[in-house]
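Scroll down for the structure; my scribbles are underneath it.
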Amino acid sequence: MEKYDHKSIELKWQKYWQKEKLYKTSETRDKPKYYILDMFPYPSGAGLHVGHPKGYIATDVFARMKMMQGYNVLHPMAWDAFGLPAENYALENKVHPRQAVEENIKKFKSQLLKIGFTYDWGREINTTDPEYYKWTQWIFLQMFKKGLAYESHEPINWCPSCQTGLANEDLENGKCERCGSEIERKPMRQWVLKITDYADRLLNDLEKLPDWEESIKEMQRNWIGRSEGAIVQFSVIASEAKQSNEQDNKLEVFTTRPDTLFGCTYMVVAPEHDLIKNYELRITNYGEVKKYIEQAKKKSDLERTELQKEKTGVELEGLMAINPVNNEEIPIFVADYVMMDYGTGAIMAVPGHDERDWEFAKKYDLPIIEVLKGGDVEKQAFTSDGLHVNSGFLDGLDKKESLEKIIKWLEKNKVGKKAVNYKLKDWVFSRQRYWGEPIPIIHCTKCGAVAVPEKDLPVKLPEVKHYEPTGTGESPLANIKDWVNTKCPKCGGPGKRETNTMPQWAGSSWYWLRYIDPKNDKALVDKKKEKYWSPVDFYVGGAEHATRHLIYARFWHKFLFDIGVVNYPEPFTRLQHVGLILAEDGRKMSKRWGNVINPDEVVEKYGADSLRVYEMFMGPFSGACAWNTNGLIGARRFLENVYKLRDKKLYDCQGGDCKMKELGLPKLLHKTIKKVSEDIENFHYNTAIAQMMIFVNFISGFEVLPRGAFRNFLKLLAPFAPHFAEELWHELGNKESIFKEKWP
RNA sequence: GGGGAUAUGGUGAAAUUGGUAUACACGCUUGCCUUAGGAGCAAGUGGAGCAAUCCGUGAGAGUUCGAGUCUCUCUAUCCCCACCA
């Protein structure tokens, strides 16, 4: 009895597959296609830990089954290598980011190669390759031409530690998602992408994605945050100007409940609101107001939201607003419980029916009017629905009727209109860092921001002596004078290059298209090839990308669809998220805790096939699960039990006459084939493996084994333990790869 | 505060349309064989009891001949968002 020697087996078949070019994607389009995609990794300095390959193994099992089922399979892998992690790693280790990325990719790739994936490495791409980011820049230019990329001077999120601006999506509880620093608001020039133009389509088209997990779709819906309501205009008057008939200004608010307008007894603006600056000379207590604003500014976003215990604010004395529905004069406050980010940065306060407004009104002794029946507004805000009272022409109506009526009234009197508001903000698209795609724009004093002509793409990232962030709000590129100074492509006069770079998410927002046609230098992707391969049939990756990468990716794809580059409006037909693998101690695997397990060691000691079987057997695929070395040994033991089957005497069933028929073997085999096939399709890998174990436990008890049953079993096992199955397959006397066989 | 998910042995977890709860694996117990280190093999393993038997899927109610599964209420944990107007 020979011992199962995983090392020689795995090496042997990896070489064989490479030699036979078994995983090269076919260029012919004569078979049905299946495009299965992993979220590609950042090649960080730490290398892979055993959690990373879980999703890759799952897609690999799936891809192998689809191959055997006769599909033309596209299963590629690449590197998302721009962005802060790579740059920070480079700074820490005092090497150039390009060099760091090269080394890290080498390391990652060697780790992946050992696990035996079906990746077609001929389609490997790298987002930092100029031939790749040429097209990232090209997409930006198309957006610029369509007015979807614009410059803004609005205050944005600034991370003082990473020294760069960030998008809303890059924050976590008011802190930098990457380094945990509290972010500041900083007004600065930024490139912004108008993702809000696509908000409705990004939301509505989720309905066309039945094979996306509901939880991910729900996260996207919440992130887009559509709410229907109305914009209402209030006139603002300054008491000193009353007689002089000074033209009044308007203060606009967004509300989902315009029907409660009769209950509005005061207004609040956010500390950053323009109204305050515009009325500086009319606000009689401007000093006090200014002091309050300064204090509010000092508080980070975090403090502003965390200190919910007591609301604060200051009245803008000398100003009054007119409630358009009853012409009542009401006071205006500045208070930091109103956020500049959401709606118009101002609210109409209805203290009878909103808890925050009620709390504020109680504190500052403001009138509370009941306009919905059903509660006691003296005791607390009544936030449920009720019939309207004290509401003039809305009295006696319910929510639906009164909303319709008030919106009609607002529109007729030109003091408001029906409106939709989104939580989604335009995508702040520039970073003041070195390691990113240069934004292909030239600034000219005469012509303004001018697109770099397409023939001059890519705008290559120049070499620079110091790529540390400057901290001045300018990227390190700004110091390279001979790169910055150039000619305006429009008028030929002196121009300066844009020195901001693109955010980390740019390169990953379209990469699945490049795999289809990786070497094309005439177009981003050949449209005929795209029509065949797109959309991605199955996309597997971490849930943490639900509201960033997956929204950005859908946005870019829809844009490319609109300008005719691609044939389909949605990029990913089916989406599945991977559950984390935690460390043995139940915590996240991290260098910090010293609990990281390197797949190289596992492969060395137990073999890639054991690793693959174990990770698929751990539990339901989308659930988090702690690593357990004993469980891994269990997987190895299963393979050893299969290995022992080699010692059994094989016999051929003649004309359906199987000696083991009475024992129920054919029935069990068919059940196993059915269960494994269905479970792979549904990503229930743990039960697929359990069923194979049942099969092996059963046949282990006999001295003989029907050859056909063993052949079929090996085919079922092959996607999970490819080297192992290939070895036993060839031992049976087969000359071709088991992956060229038909799935049972 | 809003949204989503989950809750079954010592552990990871199974259980078609409601139909023998705990498959498969880990761990543990006992024995055998060996005696250097991921050992192997055999038997056992939800709880209580000598036993027949009784009790068991977070808690409580309901529908049903029958509920882990369906309905309602509650509790706990996890994830996402959050002073969202």
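The way I read the labels, and the way they are meant: chains A, B, ... in the order of the structure tokens, residue 1 as the first residue of every chain, and ligand 1 as the first ligand shown, with later ones counted on from there.
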Contact set, chain B to chain A: 7 Å, only C-alpha atoms (C1' of nucleotides), as a VMD selection string: chain B and resid 4 12 to 13 24 to 26 38 80 to 81 83 to 85
Next, write the just-selected residues to a file, as a CSV table (one decimal), in the first residue's frame, keeping N, CA and C atoms (P, O5', C5', C4', C3', O3' and C1' of nucleotides) as the atom set.
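Just written: again_30.csv:
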chain,number,residue,atom,x,y,z
B,4,G,P,-36.1,44.6,6.5
B,4,G,O5',-34.7,43.8,6.4
B,4,G,C5',-34.2,43.5,5.1
B,4,G,C4',-32.8,42.9,5.2
B,4,G,C3',-32.7,41.6,5.9
B,4,G,O3',-33.2,40.5,5.1
B,4,G,C1',-31.0,42.9,6.7
B,12,G,P,-20.1,26.0,16.8
B,12,G,O5',-19.6,25.5,15.4
B,12,G,C5',-18.4,26.0,14.8
B,12,G,C4',-18.2,25.4,13.5
B,12,G,C3',-19.4,25.4,12.5
B,12,G,O3',-19.6,26.7,12.0
B,12,G,C1',-18.4,23.3,12.5
B,13,A,P,-21.1,27.1,11.6
B,13,A,O5',-21.9,25.7,11.4
B,13,A,C5',-22.8,25.5,10.3
B,13,A,C4',-22.6,24.1,9.8
B,13,A,C3',-23.9,23.5,9.2
B,13,A,O3',-23.9,23.8,7.9
B,13,A,C1',-23.0,22.1,10.9
B,24,C,P,-23.2,9.9,8.9
B,24,C,O5',-22.3,11.0,8.2
B,24,C,C5',-22.0,11.0,6.9
B,24,C,C4',-21.2,12.3,6.5
B,24,C,C3',-20.0,12.5,7.4
B,24,C,O3',-18.9,11.7,7.0
B,24,C,C1',-21.2,14.5,7.3
B,25,A,P,-17.9,11.1,8.1
B,25,A,O5',-17.2,12.4,8.7
B,25,A,C5',-16.2,13.1,8.0
B,25,A,C4',-15.9,14.4,8.6
B,25,A,C3',-15.3,14.4,10.0
B,25,A,O3',-13.9,14.1,9.9
B,25,A,C1',-16.9,16.1,9.9
B,26,C,P,-13.2,13.4,11.2
B,26,C,O5',-13.1,14.6,12.3
B,26,C,C5',-12.3,15.7,12.0
B,26,C,C4',-12.5,16.8,13.0
B,26,C,C3',-12.2,16.4,14.4
B,26,C,O3',-10.8,16.4,14.7
B,26,C,C1',-14.2,17.6,14.3
B,38,G,P,3.2,14.6,13.6
B,38,G,O5',1.7,14.7,13.3
B,38,G,C5',0.8,15.3,14.3
B,38,G,C4',-0.6,15.5,13.7
B,38,G,C3',-1.3,14.2,13.4
B,38,G,O3',-2.3,13.9,14.3
B,38,G,C1',-1.1,15.5,11.4
B,80,C,P,-20.2,46.0,9.0
B,80,C,O5',-21.4,46.7,8.1
B,80,C,C5',-21.4,46.5,6.7
B,80,C,C4',-22.7,47.1,6.2
B,80,C,C3',-22.9,48.5,6.5
B,80,C,O3',-22.2,49.4,5.7
B,80,C,C1',-24.9,47.3,6.9
B,81,C,P,-21.6,50.7,6.4
B,81,C,O5',-22.9,51.6,6.5
B,81,C,C5',-23.6,52.1,5.4
B,81,C,C4',-25.0,52.7,5.8
B,81,C,C3',-24.9,53.8,6.8
B,81,C,O3',-24.5,55.0,6.1
B,81,C,C1',-26.6,52.4,7.4
B,83,C,P,-25.8,60.7,11.0
B,83,C,O5',-27.2,61.3,11.7
B,83,C,C5',-28.0,60.5,12.4
B,83,C,C4',-29.2,61.3,13.0
B,83,C,C3',-29.7,62.3,12.0
B,83,C,O3',-31.1,62.4,12.0
B,83,C,C1',-29.3,63.3,14.1
B,84,C,P,-32.0,61.1,11.4
B,84,C,O5',-31.9,61.4,9.9
B,84,C,C5',-32.7,62.4,9.2
B,84,C,C4',-33.0,61.9,7.8
B,84,C,C3',-33.4,60.4,7.8
B,84,C,O3',-34.7,60.1,7.4
B,84,C,C1',-31.4,60.8,6.4
B,85,A,P,-35.6,60.6,6.3
B,85,A,O5',-36.2,61.9,7.0
B,85,A,C5',-36.6,62.9,6.1
B,85,A,C4',-36.7,64.2,7.0
B,85,A,C3',-36.9,65.5,6.2
B,85,A,O3',-38.3,65.6,5.8
B,85,A,C1',-35.3,65.8,7.8
DSSP on the backbone: what in segment 86-334 of chain A comes out strand (DSSP E or B), as a PyMOL selection string? chain A and resi 126+149-152+155-159+164-166+171-172+175-176+182+184-187+190-193+212+227-238+249-255+266-269+314-323+328-334
To one decimal place, how far is atom CA of Leu575 of chain A from atom CA of Glu169 of chain A in Å?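 So the two atoms, atom CA of Leu575 of chain A and atom CA of Glu169 of chain A, lie 20.4 Å apart.
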Could you give me, as a list in words, the residues within 9 Å of Glu741 of chain A, counting only C-alpha atoms (C1' of nucleotides) and dropping anything in the same chain fewer than 5 positions from it?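 The residues satisfying every condition are Met68, Gln69, Lys715 and Glu736 of chain A.
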Could you give me the residues within segment 523-734 of chain A that DSSP places in alpha helix (DSSP H), as a short mmCIF file (atom, residue, chain, number, x, y, z; two decimals) with N, CA and C atoms, in the first residue's frame?
data_model
loop_
_atom_site.label_atom_id
_atom_site.label_comp_id
_atom_site.auth_asym_id
_atom_site.auth_seq_id
_atom_site.Cartn_x
_atom_site.Cartn_y
_atom_site.Cartn_z
N LYS A 527 -16.15 44.80 -29.56
CA LYS A 527 -17.58 44.71 -29.24
C LYS A 527 -18.18 43.35 -29.53
N LYS A 528 -17.65 42.68 -30.54
CA LYS A 528 -18.19 41.34 -30.85
C LYS A 528 -17.80 40.35 -29.76
N LYS A 529 -16.55 40.44 -29.34
CA LYS A 529 -16.10 39.55 -28.26
C LYS A 529 -16.90 39.84 -26.99
N GLU A 530 -17.13 41.12 -26.79
CA GLU A 530 -17.87 41.52 -25.58
C GLU A 530 -19.27 40.95 -25.61
N LYS A 531 -19.86 40.97 -26.79
CA LYS A 531 -21.23 40.47 -26.90
C LYS A 531 -21.32 38.98 -26.54
N TYR A 532 -20.26 38.25 -26.94
CA TYR A 532 -20.25 36.82 -26.63
C TYR A 532 -20.02 36.57 -25.14
N TRP A 533 -19.00 37.22 -24.56
CA TRP A 533 -18.61 36.88 -23.18
C TRP A 533 -19.43 37.57 -22.11
N HIS A 549 -17.22 49.18 -4.51
CA HIS A 549 -16.86 48.62 -5.79
C HIS A 549 -18.09 48.24 -6.62
N LEU A 550 -19.05 47.59 -6.00
CA LEU A 550 -20.18 47.09 -6.79
C LEU A 550 -21.11 48.19 -7.28
N ILE A 551 -21.13 49.31 -6.59
CA ILE A 551 -21.92 50.44 -7.10
C ILE A 551 -21.14 51.18 -8.18
N TYR A 552 -19.85 51.42 -7.89
CA TYR A 552 -19.01 52.08 -8.90
C TYR A 552 -18.98 51.28 -10.20
N ALA A 553 -18.82 49.97 -10.05
CA ALA A 553 -18.71 49.09 -11.23
C ALA A 553 -20.00 49.15 -12.05
N ARG A 554 -21.13 49.11 -11.39
CA ARG A 554 -22.40 49.18 -12.12
C ARG A 554 -22.56 50.53 -12.80
N PHE A 555 -22.12 51.58 -12.10
CA PHE A 555 -22.20 52.93 -12.65
C PHE A 555 -21.37 53.04 -13.93
N TRP A 556 -20.11 52.64 -13.89
CA TRP A 556 -19.24 52.74 -15.07
C TRP A 556 -19.78 51.88 -16.21
N HIS A 557 -20.25 50.70 -15.84
CA HIS A 557 -20.74 49.81 -16.88
C HIS A 557 -21.95 50.42 -17.59
N LYS A 558 -22.83 51.01 -16.83
CA LYS A 558 -24.02 51.65 -17.43
C LYS A 558 -23.61 52.82 -18.32
N PHE A 559 -22.59 53.55 -17.86
CA PHE A 559 -22.10 54.65 -18.69
C PHE A 559 -21.53 54.11 -20.01
N LEU A 560 -20.75 53.04 -19.91
CA LEU A 560 -20.17 52.45 -21.13
C LEU A 560 -21.26 51.90 -22.04
N PHE A 561 -22.32 51.43 -21.43
CA PHE A 561 -23.48 50.99 -22.21
C PHE A 561 -24.11 52.18 -22.94
N ASP A 562 -24.24 53.28 -22.23
CA ASP A 562 -24.86 54.48 -22.81
C ASP A 562 -24.06 55.04 -23.99
N PRO A 599 -1.21 29.99 3.40
CA PRO A 599 -1.60 28.80 2.64
C PRO A 599 -0.40 27.98 2.18
N ASP A 600 0.74 28.66 1.98
CA ASP A 600 1.94 27.92 1.54
C ASP A 600 2.29 26.78 2.50
N GLU A 601 2.18 27.11 3.79
CA GLU A 601 2.53 26.08 4.79
C GLU A 601 1.53 24.94 4.77
N VAL A 602 0.25 25.29 4.59
CA VAL A 602 -0.78 24.27 4.54
C VAL A 602 -0.57 23.37 3.33
N VAL A 603 -0.28 24.01 2.19
CA VAL A 603 -0.07 23.24 0.96
C VAL A 603 1.15 22.33 1.10
N GLU A 604 2.18 22.85 1.71
CA GLU A 604 3.41 22.09 1.91
C GLU A 604 3.14 20.85 2.77
N LYS A 605 2.40 21.05 3.83
CA LYS A 605 2.24 19.99 4.82
C LYS A 605 1.11 19.02 4.48
N TYR A 606 0.00 19.56 4.02
CA TYR A 606 -1.18 18.72 3.80
C TYR A 606 -1.58 18.60 2.34
N ALA A 608 -2.48 20.98 -1.50
CA ALA A 608 -3.46 21.94 -2.00
C ALA A 608 -4.85 21.30 -2.04
N ASP A 609 -4.91 20.03 -2.38
CA ASP A 609 -6.22 19.39 -2.50
C ASP A 609 -6.91 19.29 -1.14
N SER A 610 -6.14 19.01 -0.09
CA SER A 610 -6.73 18.98 1.25
C SER A 610 -7.23 20.36 1.63
N LEU A 611 -6.43 21.39 1.31
CA LEU A 611 -6.83 22.76 1.60
C LEU A 611 -8.14 23.09 0.89
N ARG A 612 -8.21 22.70 -0.37
CA ARG A 612 -9.40 23.00 -1.17
C ARG A 612 -10.63 22.30 -0.59
N VAL A 613 -10.47 21.01 -0.32
CA VAL A 613 -11.61 20.26 0.21
C VAL A 613 -12.03 20.82 1.56
N TYR A 614 -11.05 21.11 2.39
CA TYR A 614 -11.38 21.62 3.72
C TYR A 614 -12.13 22.95 3.65
N GLU A 615 -11.61 23.89 2.86
CA GLU A 615 -12.24 25.21 2.83
C GLU A 615 -13.66 25.15 2.27
N MET A 616 -13.91 24.18 1.41
CA MET A 616 -15.27 24.05 0.87
C MET A 616 -16.19 23.29 1.83
N PHE A 617 -15.57 22.57 2.76
CA PHE A 617 -16.35 21.74 3.67
C PHE A 617 -16.65 22.45 4.99
N THR A 629 -7.45 23.47 12.44
CA THR A 629 -6.49 22.56 11.82
C THR A 629 -6.96 21.11 11.86
N ASN A 630 -7.69 20.74 12.92
CA ASN A 630 -8.22 19.38 12.97
C ASN A 630 -9.22 19.11 11.85
N GLY A 631 -9.97 20.14 11.50
CA GLY A 631 -10.91 20.00 10.38
C GLY A 631 -10.16 19.76 9.09
N LEU A 632 -9.06 20.48 8.94
CA LEU A 632 -8.21 20.30 7.75
C LEU A 632 -7.69 18.87 7.69
N ILE A 633 -7.29 18.36 8.82
CA ILE A 633 -6.81 16.97 8.87
C ILE A 633 -7.92 16.01 8.48
N GLY A 634 -9.13 16.35 8.86
CA GLY A 634 -10.28 15.53 8.47
C GLY A 634 -10.43 15.46 6.97
N ALA A 635 -10.21 16.60 6.31
CA ALA A 635 -10.31 16.64 4.85
C ALA A 635 -9.21 15.77 4.23
N ARG A 636 -8.04 15.88 4.78
CA ARG A 636 -6.91 15.07 4.33
C ARG A 636 -7.22 13.57 4.50
N ARG A 637 -7.82 13.23 5.63
CA ARG A 637 -8.16 11.84 5.91
C ARG A 637 -9.16 11.32 4.88
N PHE A 638 -10.08 12.17 4.49
CA PHE A 638 -11.04 11.78 3.46
C PHE A 638 -10.32 11.42 2.17
N LEU A 639 -9.36 12.24 1.77
CA LEU A 639 -8.62 11.95 0.54
C LEU A 639 -7.81 10.65 0.70
N GLU A 640 -7.26 10.45 1.89
CA GLU A 640 -6.52 9.21 2.12
C GLU A 640 -7.43 7.99 2.01
N ASN A 641 -8.66 8.15 2.49
CA ASN A 641 -9.62 7.05 2.37
C ASN A 641 -9.93 6.76 0.90
N VAL A 642 -10.01 7.81 0.11
CA VAL A 642 -10.24 7.60 -1.32
C VAL A 642 -9.01 6.91 -1.93
N TYR A 643 -7.84 7.34 -1.48
CA TYR A 643 -6.59 6.79 -2.01
C TYR A 643 -6.52 5.29 -1.79
N LYS A 644 -7.05 4.87 -0.66
CA LYS A 644 -7.04 3.44 -0.33
C LYS A 644 -7.91 2.62 -1.27
N LEU A 665 -25.59 0.05 -4.38
CA LEU A 665 -24.54 0.94 -4.87
C LEU A 665 -24.99 1.83 -6.03
N PRO A 666 -25.65 1.26 -7.05
CA PRO A 666 -26.04 2.15 -8.16
C PRO A 666 -26.96 3.28 -7.70
N LYS A 667 -27.84 2.95 -6.77
CA LYS A 667 -28.77 3.95 -6.28
C LYS A 667 -28.01 5.07 -5.54
N LEU A 668 -27.05 4.66 -4.71
CA LEU A 668 -26.28 5.65 -3.95
C LEU A 668 -25.44 6.51 -4.89
N LEU A 669 -24.86 5.88 -5.93
CA LEU A 669 -24.04 6.61 -6.88
C LEU A 669 -24.88 7.70 -7.56
N HIS A 670 -26.08 7.32 -8.00
CA HIS A 670 -26.91 8.29 -8.69
C HIS A 670 -27.33 9.43 -7.78
N LYS A 671 -27.61 9.09 -6.55
CA LYS A 671 -27.97 10.12 -5.59
C LYS A 671 -26.78 11.08 -5.40
N THR A 672 -25.58 10.51 -5.35
CA THR A 672 -24.38 11.32 -5.14
C THR A 672 -24.13 12.24 -6.34
N ILE A 673 -24.28 11.68 -7.54
CA ILE A 673 -24.09 12.50 -8.74
C ILE A 673 -25.07 13.68 -8.73
N LYS A 674 -26.31 13.38 -8.42
CA LYS A 674 -27.34 14.42 -8.45
C LYS A 674 -27.06 15.48 -7.38
N LYS A 675 -26.73 15.01 -6.19
CA LYS A 675 -26.52 15.95 -5.09
C LYS A 675 -25.30 16.82 -5.32
N VAL A 676 -24.20 16.22 -5.76
CA VAL A 676 -22.97 17.00 -5.97
C VAL A 676 -23.19 18.04 -7.07
N SER A 677 -23.83 17.63 -8.16
CA SER A 677 -24.07 18.57 -9.26
C SER A 677 -24.93 19.74 -8.81
N GLU A 678 -26.01 19.44 -8.14
CA GLU A 678 -26.91 20.51 -7.70
C GLU A 678 -26.26 21.39 -6.65
N ASP A 679 -25.53 20.76 -5.75
CA ASP A 679 -24.91 21.54 -4.68
C ASP A 679 -23.83 22.47 -5.20
N ILE A 680 -23.07 22.04 -6.22
CA ILE A 680 -22.07 22.94 -6.79
C ILE A 680 -22.79 24.12 -7.44
N GLU A 681 -23.82 23.83 -8.20
CA GLU A 681 -24.58 24.89 -8.88
C GLU A 681 -25.10 25.92 -7.87
N TYR A 685 -21.31 23.77 -1.14
CA TYR A 685 -20.18 22.84 -1.26
C TYR A 685 -20.05 21.91 -0.06
N ASN A 686 -20.42 22.39 1.12
CA ASN A 686 -20.24 21.55 2.30
C ASN A 686 -21.07 20.27 2.21
N THR A 687 -22.28 20.37 1.70
CA THR A 687 -23.12 19.16 1.64
C THR A 687 -22.72 18.29 0.44
N ALA A 688 -22.15 18.92 -0.59
CA ALA A 688 -21.65 18.11 -1.71
C ALA A 688 -20.54 17.18 -1.21
N ILE A 689 -19.65 17.74 -0.41
CA ILE A 689 -18.54 16.93 0.10
C ILE A 689 -19.05 15.87 1.09
N ALA A 690 -20.00 16.27 1.92
CA ALA A 690 -20.57 15.29 2.87
C ALA A 690 -21.13 14.09 2.11
N GLN A 691 -21.79 14.35 0.99
CA GLN A 691 -22.37 13.26 0.21
C GLN A 691 -21.28 12.36 -0.38
N MET A 692 -20.18 12.97 -0.81
CA MET A 692 -19.08 12.16 -1.34
C MET A 692 -18.47 11.30 -0.23
N MET A 693 -18.43 11.86 0.98
CA MET A 693 -17.91 11.10 2.12
C MET A 693 -18.80 9.89 2.41
N ILE A 694 -20.10 10.10 2.31
CA ILE A 694 -21.03 9.00 2.53
C ILE A 694 -20.76 7.89 1.51
N PHE A 695 -20.55 8.31 0.28
CA PHE A 695 -20.30 7.35 -0.79
C PHE A 695 -19.02 6.55 -0.51
N VAL A 696 -17.97 7.27 -0.11
CA VAL A 696 -16.68 6.61 0.14
C VAL A 696 -16.79 5.68 1.35
N ASN A 697 -17.46 6.14 2.40
CA ASN A 697 -17.64 5.29 3.58
C ASN A 697 -18.35 3.99 3.22
N PHE A 698 -19.29 4.11 2.30
CA PHE A 698 -20.05 2.93 1.89
C PHE A 698 -19.17 1.94 1.14
N ILE A 699 -18.47 2.42 0.11
CA ILE A 699 -17.72 1.47 -0.71
C ILE A 699 -16.45 0.99 -0.04
N ARG A 707 -15.75 -0.62 -11.75
CA ARG A 707 -14.90 0.38 -12.38
C ARG A 707 -15.68 1.65 -12.75
N GLY A 708 -16.87 1.43 -13.31
CA GLY A 708 -17.67 2.58 -13.77
C GLY A 708 -18.03 3.50 -12.63
N ALA A 709 -18.38 2.93 -11.50
CA ALA A 709 -18.75 3.75 -10.35
C ALA A 709 -17.57 4.55 -9.87
N PHE A 710 -16.39 3.94 -9.87
CA PHE A 710 -15.18 4.62 -9.42
C PHE A 710 -14.83 5.77 -10.37
N ARG A 711 -14.95 5.50 -11.66
CA ARG A 711 -14.69 6.56 -12.66
C ARG A 711 -15.60 7.76 -12.44
N ASN A 712 -16.88 7.47 -12.27
CA ASN A 712 -17.82 8.56 -12.07
C ASN A 712 -17.55 9.32 -10.78
N PHE A 713 -17.20 8.58 -9.76
CA PHE A 713 -16.91 9.24 -8.49
C PHE A 713 -15.72 10.18 -8.62
N LEU A 714 -14.67 9.73 -9.32
CA LEU A 714 -13.49 10.58 -9.50
C LEU A 714 -13.83 11.88 -10.23
N LYS A 715 -14.74 11.78 -11.17
CA LYS A 715 -15.15 13.00 -11.90
C LYS A 715 -15.84 13.99 -10.96
N LEU A 716 -16.62 13.45 -10.02
CA LEU A 716 -17.29 14.34 -9.07
C LEU A 716 -16.29 14.99 -8.13
N LEU A 717 -15.27 14.22 -7.78
CA LEU A 717 -14.27 14.72 -6.84
C LEU A 717 -13.30 15.70 -7.52
N PRO A 722 -8.39 18.55 -7.69
CA PRO A 722 -8.04 18.30 -9.09
C PRO A 722 -6.78 17.48 -9.30
N HIS A 723 -5.71 17.78 -8.53
CA HIS A 723 -4.46 17.03 -8.74
C HIS A 723 -4.67 15.57 -8.37
N PHE A 724 -5.31 15.41 -7.24
CA PHE A 724 -5.56 14.09 -6.68
C PHE A 724 -6.40 13.24 -7.64
N ALA A 725 -7.47 13.83 -8.15
CA ALA A 725 -8.36 13.08 -9.04
C ALA A 725 -7.66 12.77 -10.36
N GLU A 726 -6.86 13.74 -10.83
CA GLU A 726 -6.13 13.52 -12.09
C GLU A 726 -5.18 12.33 -11.94
N GLU A 727 -4.51 12.26 -10.80
CA GLU A 727 -3.57 11.17 -10.53
C GLU A 727 -4.29 9.81 -10.59
N LEU A 728 -5.38 9.68 -9.86
CA LEU A 728 -6.08 8.40 -9.81
C LEU A 728 -6.69 8.07 -11.18
N TRP A 729 -7.12 9.12 -11.86
CA TRP A 729 -7.70 8.95 -13.19
C TRP A 729 -6.70 8.33 -14.15
N HIS A 730 -5.47 8.84 -14.12
CA HIS A 730 -4.44 8.30 -15.00
C HIS A 730 -4.00 6.91 -14.57
N GLU A 731 -4.03 6.66 -13.29
CA GLU A 731 -3.71 5.31 -12.80
C GLU A 731 -4.67 4.27 -13.35
#
My list of candidates is B:A23, B:A42, B:G18, B:C28. Which is closest to U64 of chain B when distances are computed with only C-alpha atoms (C1' of nucleotides)? B:G18
I'd like the contact shell of U75 of chain B - 12 Å cut-off, only C-alpha atoms (C1' of nucleotides), skipping same-chain residues fewer than 4 positions apart - returned as a list in words.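 Residues near the query, excluding close chain neighbours: A7, G58, A59 and G60 of chain B.
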Find the spatial neighbours of G56 of chain B, counting only C-alpha atoms (C1' of nucleotides), within a cut-off of 10 Å - ignore same-chain residues fewer than 3 positions away - and output them as a ChimeraX atom specification. /B:21,46-47
Contacts of segment 368-381 of chain A at 10 Å (only C-alpha atoms (C1' of nucleotides); same-chain gap of 2+ positions) as a ChimeraX atom specification: /A:259-266,349-359,361-362,365-366,383-392,394-399
Would you mind reading off the distance between atom CA of Lys742 of chain A and atom CA of Ala718 of chain A, one decimal, in Å?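 Interatomic distance here is 11.8 Å.
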What's the 9 Å shell around U8 of chain B, counting only C-alpha atoms (C1' of nucleotides), without same-chain residues fewer than 4 positions away, as a ChimeraX atom specification? /B:21-22,57,68
May I have the selected residues written with C-alpha atoms (C1' of nucleotides), as a compact mmCIF listing (two decimals), in the first residue's frame?
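again17.txt written:
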# COMPACT_ATOMS: atom_id res chain seq x y z
C1' A B 21 -34.30 15.81 14.38
C1' U B 22 -28.85 15.88 14.81
C1' U B 57 -34.03 22.57 17.45
C1' G B 68 -36.43 22.85 13.26
Report, in Å to a single decimal, how far apart atom CA of Gly83 of chain A and atom CA of Trp435 of chain A are. 5.8 Å
Selected residue of minimal separation from Ala230 of chain A among A:Gly55, A:Glu252, A:Asn567, A:Trp79, counting only C-alpha atoms: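 That would be A:Glu252, the residue with the smallest distance to Ala230 of chain A.
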